[in-house]
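K.L.:
The structure's right below; bear with me while I get my questions together.
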Amino acid sequence: MNKLKFLLIGLAGGLLALAAVACSGAATPTPTPNAPSGGGNTVATGNPLSAEIAAVLSDPARFASAAASVAALSSSASQVSGIWVTGTGEQSLKPDLAIVGLGVQADGVTVAEARDVAANAMTAVVEALKKLGIAEKDIQTAYFSIQPQYTYRQVTRCPDVTPTPVPPFTGKPTTSPESCYMESEQVLVGYQVNNTVTVKVRNLDIVGQVVDAAALAGGDATRVNYVSFTVEDSKAAQAAAREEAVKDALAKAQQFAQLTGVKLGRLLYITESGGVSPTPIYRAEAFAGADAKTTTPISAGELDVSVSVQAVFAIE
């Protein structure tokens, strides 16, 4: 490995020397004391590594391959050079928006029956939400489907067996118990309709009331899938977290330079990742007939806005 390293360094020097000769227009090399008679450009030395470099320089194919290796080595060195650091910043803020995912699910023997039950239940849910002050623009259909429902049952199959033609022959097939077998059979039992909506609740004090109102209005068909919290505009918090992350990265880079005895150079590269990541509060399915005197407790808590930056500084 060390031999290859020195060889590449020597080749790099050779390349620079050749470039200098080409630029100066020099045509006649300076003979060396050890040069053999007969003319030609020859490098003679007692160092075996120098002789190997000379051999590479005199062979076009090996010269091209070595030049490519020198370029790759230079590129690799430039990619890993410098001081690489990661800075983090975090800000806590109070959420101002709740997202409630709810809907209805209805079953029926026919598509029409299941659809009617689901439509009536969802209409009642939407009307209950509007009475709580939820704007129509904040109620959005997220999913709707009508799917057949099947069940499986065990049935006995007995293939027909043609009787032996013994008079009097009737020609009617009969069955034999030995030929019967059991198998599972798919049976259509009805249809299921699912209709879910996403509701934005801007007044966090009524989130529990929204859940309860939907459960009471939709009856047993009501489904509450999740409740999550977020902020409508997190730009200010992100800017503050970003500033904190950059300061953290700068402090780390300066510490690295001080500990290693080098001088911190200019910023070469910086990138950012992170943001608001609210965690949904998942709930079980709601049910009808809930006690109207008790409101479902929902806590908004706090949200963390985190930003990470990766920075690369040169070493001077």
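Letters A, B, ... go to the chains of the structure tokens in the order shown; residues in each chain start at 1; ligands are counted from 1 in the same order.
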Contacts of stretch 260-268 of chain A at 9 Å or less, counting only C-alpha atoms, minus same-chain residues fewer than 6 places along, as a list in words?

P.N.:
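Residues near the query, excluding close chain neighbours: Gly82, Ile83, Ala253, Gln254, Ala311, Val312, Phe313, Ala314, Ile315 and Glu316 of chain A.
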
K.L.:
Contacts of stretch 111-122 of chain A at 12 Å or less, counting only C-alpha atoms, minus same-chain residues fewer than 5 places along, as a PyMOL selection string?

P.N.:
chain A and resi 102-106+127-129+139+141+144-149+189-197+213-223+288

K.L.:
Counting only C-alpha atoms, which residue out of A:Val155, A:Leu250, A:Ile270, A:Ile134 sits closest to A:Tyr181?

P.N.:
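The closest residue to A:Tyr181 is A:Val155.
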
K.L.:
Step one, run DSSP on the backbone; step two, keep only residues of stretch 182-231 of chain A assigned to alpha helix (DSSP H); then write them as a PyMOL selection string.

P.N.:
chain A and resi 207-218

K.L.:
Include N, CA and C atoms and write out the residues we just selected as a PDB file, in the first residue's frame.

P.N.:
```
ATOM      1  N   VAL A 207     -62.387  19.337  21.423  1.00  0.00           N
ATOM      2  CA  VAL A 207     -62.012  18.103  20.742  1.00  0.00           C
ATOM      3  C   VAL A 207     -62.756  16.913  21.334  1.00  0.00           C
ATOM      4  N   GLY A 208     -62.841  16.848  22.657  1.00  0.00           N
ATOM      5  CA  GLY A 208     -63.580  15.767  23.290  1.00  0.00           C
ATOM      6  C   GLY A 208     -65.055  15.788  22.918  1.00  0.00           C
ATOM      7  N   GLN A 209     -65.625  16.987  22.816  1.00  0.00           N
ATOM      8  CA  GLN A 209     -67.030  17.108  22.423  1.00  0.00           C
ATOM      9  C   GLN A 209     -67.244  16.636  20.981  1.00  0.00           C
ATOM     10  N   VAL A 210     -66.274  16.892  20.125  1.00  0.00           N
ATOM     11  CA  VAL A 210     -66.376  16.432  18.736  1.00  0.00           C
ATOM     12  C   VAL A 210     -66.445  14.912  18.685  1.00  0.00           C
ATOM     13  N   VAL A 211     -65.588  14.254  19.444  1.00  0.00           N
ATOM     14  CA  VAL A 211     -65.589  12.791  19.489  1.00  0.00           C
ATOM     15  C   VAL A 211     -66.928  12.271  20.006  1.00  0.00           C
ATOM     16  N   ASP A 212     -67.407  12.874  21.096  1.00  0.00           N
ATOM     17  CA  ASP A 212     -68.661  12.412  21.690  1.00  0.00           C
ATOM     18  C   ASP A 212     -69.846  12.663  20.770  1.00  0.00           C
ATOM     19  N   ALA A 213     -69.877  13.831  20.146  1.00  0.00           N
ATOM     20  CA  ALA A 213     -70.993  14.165  19.259  1.00  0.00           C
ATOM     21  C   ALA A 213     -71.046  13.215  18.073  1.00  0.00           C
ATOM     22  N   ALA A 214     -69.881  12.873  17.528  1.00  0.00           N
ATOM     23  CA  ALA A 214     -69.844  11.935  16.406  1.00  0.00           C
ATOM     24  C   ALA A 214     -70.324  10.560  16.835  1.00  0.00           C
ATOM     25  N   ALA A 215     -69.925  10.123  18.016  1.00  0.00           N
ATOM     26  CA  ALA A 215     -70.323   8.806  18.504  1.00  0.00           C
ATOM     27  C   ALA A 215     -71.832   8.731  18.725  1.00  0.00           C
ATOM     28  N   LEU A 216     -72.416   9.790  19.291  1.00  0.00           N
ATOM     29  CA  LEU A 216     -73.852   9.788  19.567  1.00  0.00           C
ATOM     30  C   LEU A 216     -74.668   9.928  18.287  1.00  0.00           C
ATOM     31  N   ALA A 217     -74.187  10.752  17.354  1.00  0.00           N
ATOM     32  CA  ALA A 217     -74.949  10.992  16.129  1.00  0.00           C
ATOM     33  C   ALA A 217     -74.910   9.789  15.189  1.00  0.00           C
ATOM     34  N   GLY A 218     -73.772   9.149  15.070  1.00  0.00           N
ATOM     35  CA  GLY A 218     -73.639   8.026  14.149  1.00  0.00           C
ATOM     36  C   GLY A 218     -74.064   6.696  14.724  1.00  0.00           C
TER      37      GLY A 218
END
```

K.L.:
Write out as a ChimeraX atom specification the residues lying within 12 Å of A:Val201, counting only C-alpha atoms and excluding same-chain residues fewer than 6 positions away.

P.N.:
/A:95-101,129-130,132-139,207-211,227-232,300

K.L.:
Now that the selection is made, can you save its residues with N, CA, C and O atoms as a short mmCIF file (atom, residue, chain, number, x, y, z; two decimals), in the first residue's frame?

P.N.:
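Saved file result22.cif follows:
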```cif
data_model
loop_
_atom_site.label_atom_id
_atom_site.label_comp_id
_atom_site.auth_asym_id
_atom_site.auth_seq_id
_atom_site.Cartn_x
_atom_site.Cartn_y
_atom_site.Cartn_z
N PRO A 95 -49.67 23.18 20.44
CA PRO A 95 -50.44 22.96 19.20
C PRO A 95 -51.67 23.85 19.16
O PRO A 95 -52.24 24.20 20.20
N ASP A 96 -52.07 24.22 17.96
CA ASP A 96 -53.26 25.05 17.80
C ASP A 96 -54.28 24.42 16.85
O ASP A 96 -55.27 25.06 16.48
N LEU A 97 -54.05 23.17 16.46
CA LEU A 97 -54.96 22.50 15.53
C LEU A 97 -55.01 21.00 15.85
O LEU A 97 -53.97 20.37 16.02
N ALA A 98 -56.22 20.47 15.93
CA ALA A 98 -56.41 19.03 16.13
C ALA A 98 -56.96 18.42 14.84
O ALA A 98 -57.80 19.02 14.17
N ILE A 99 -56.46 17.24 14.51
CA ILE A 99 -56.94 16.49 13.35
C ILE A 99 -57.63 15.23 13.86
O ILE A 99 -57.00 14.41 14.52
N VAL A 100 -58.91 15.10 13.56
CA VAL A 100 -59.69 13.96 14.02
C VAL A 100 -60.10 13.13 12.80
O VAL A 100 -60.71 13.65 11.86
N GLY A 101 -59.74 11.87 12.81
CA GLY A 101 -60.15 10.95 11.74
C GLY A 101 -61.30 10.10 12.24
O GLY A 101 -61.14 9.31 13.17
N LEU A 129 -71.32 17.84 13.90
CA LEU A 129 -70.06 18.59 13.89
C LEU A 129 -70.31 20.06 13.57
O LEU A 129 -69.70 20.96 14.18
N LYS A 130 -71.20 20.32 12.63
CA LYS A 130 -71.50 21.71 12.28
C LYS A 130 -72.13 22.45 13.44
O LYS A 130 -71.88 23.65 13.64
N LEU A 132 -71.37 22.15 16.42
CA LEU A 132 -70.29 22.51 17.34
C LEU A 132 -69.40 23.63 16.79
O LEU A 132 -68.42 24.01 17.43
N GLY A 133 -69.74 24.12 15.61
CA GLY A 133 -68.97 25.22 15.03
C GLY A 133 -67.90 24.79 14.05
O GLY A 133 -67.07 25.62 13.63
N ILE A 134 -67.87 23.52 13.67
CA ILE A 134 -66.88 23.06 12.69
C ILE A 134 -67.33 23.51 11.30
O ILE A 134 -68.44 23.22 10.87
N ALA A 135 -66.46 24.25 10.62
CA ALA A 135 -66.79 24.75 9.28
C ALA A 135 -66.81 23.62 8.26
O ALA A 135 -66.09 22.61 8.41
N GLU A 136 -67.64 23.79 7.25
CA GLU A 136 -67.75 22.74 6.22
C GLU A 136 -66.43 22.51 5.50
O GLU A 136 -66.11 21.38 5.11
N LYS A 137 -65.63 23.58 5.34
CA LYS A 137 -64.33 23.43 4.67
C LYS A 137 -63.35 22.59 5.47
O LYS A 137 -62.36 22.09 4.93
N ASP A 138 -63.62 22.43 6.77
CA ASP A 138 -62.72 21.66 7.63
C ASP A 138 -63.15 20.20 7.77
O ASP A 138 -62.59 19.46 8.59
N ILE A 139 -64.16 19.80 6.99
CA ILE A 139 -64.61 18.40 6.98
C ILE A 139 -64.36 17.85 5.58
O ILE A 139 -64.98 18.29 4.61
N VAL A 207 -62.39 19.34 21.42
CA VAL A 207 -62.01 18.10 20.74
C VAL A 207 -62.76 16.91 21.33
O VAL A 207 -63.28 16.05 20.62
N GLY A 208 -62.84 16.85 22.66
CA GLY A 208 -63.58 15.77 23.29
C GLY A 208 -65.06 15.79 22.92
O GLY A 208 -65.66 14.72 22.69
N GLN A 209 -65.63 16.99 22.82
CA GLN A 209 -67.03 17.11 22.42
C GLN A 209 -67.24 16.64 20.98
O GLN A 209 -68.30 16.07 20.66
N VAL A 210 -66.27 16.89 20.13
CA VAL A 210 -66.38 16.43 18.74
C VAL A 210 -66.44 14.91 18.68
O VAL A 210 -67.27 14.33 17.97
N VAL A 211 -65.59 14.25 19.44
CA VAL A 211 -65.59 12.79 19.49
C VAL A 211 -66.93 12.27 20.01
O VAL A 211 -67.53 11.35 19.44
N VAL A 227 -56.83 10.75 16.80
CA VAL A 227 -56.81 12.18 17.11
C VAL A 227 -55.34 12.59 17.16
O VAL A 227 -54.54 11.96 17.87
N SER A 228 -54.96 13.60 16.42
CA SER A 228 -53.57 14.08 16.45
C SER A 228 -53.57 15.60 16.53
O SER A 228 -54.57 16.26 16.23
N PHE A 229 -52.43 16.14 16.94
CA PHE A 229 -52.30 17.58 17.11
C PHE A 229 -51.13 18.11 16.30
O PHE A 229 -50.11 17.43 16.13
N THR A 230 -51.26 19.35 15.82
CA THR A 230 -50.20 19.97 15.05
C THR A 230 -50.34 21.49 15.19
O THR A 230 -51.17 21.99 15.96
N VAL A 231 -49.51 22.20 14.45
CA VAL A 231 -49.60 23.66 14.40
C VAL A 231 -49.79 24.07 12.95
O VAL A 231 -49.21 23.47 12.05
N GLU A 232 -50.62 25.07 12.75
CA GLU A 232 -50.90 25.50 11.38
C GLU A 232 -49.72 26.23 10.76
O GLU A 232 -49.46 26.11 9.57
N ALA A 300 -53.96 18.03 24.62
CA ALA A 300 -53.14 18.45 23.47
C ALA A 300 -51.65 18.36 23.76
O ALA A 300 -50.85 18.04 22.87
#
```

K.L.:
What does the distance from atom CA of A:Val307 to atom CA of A:Glu243 come to in Å, to one decimal?

P.N.:
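Answer for the atom CA of A:Val307 to atom CA of A:Glu243 separation: 9.1 Å.
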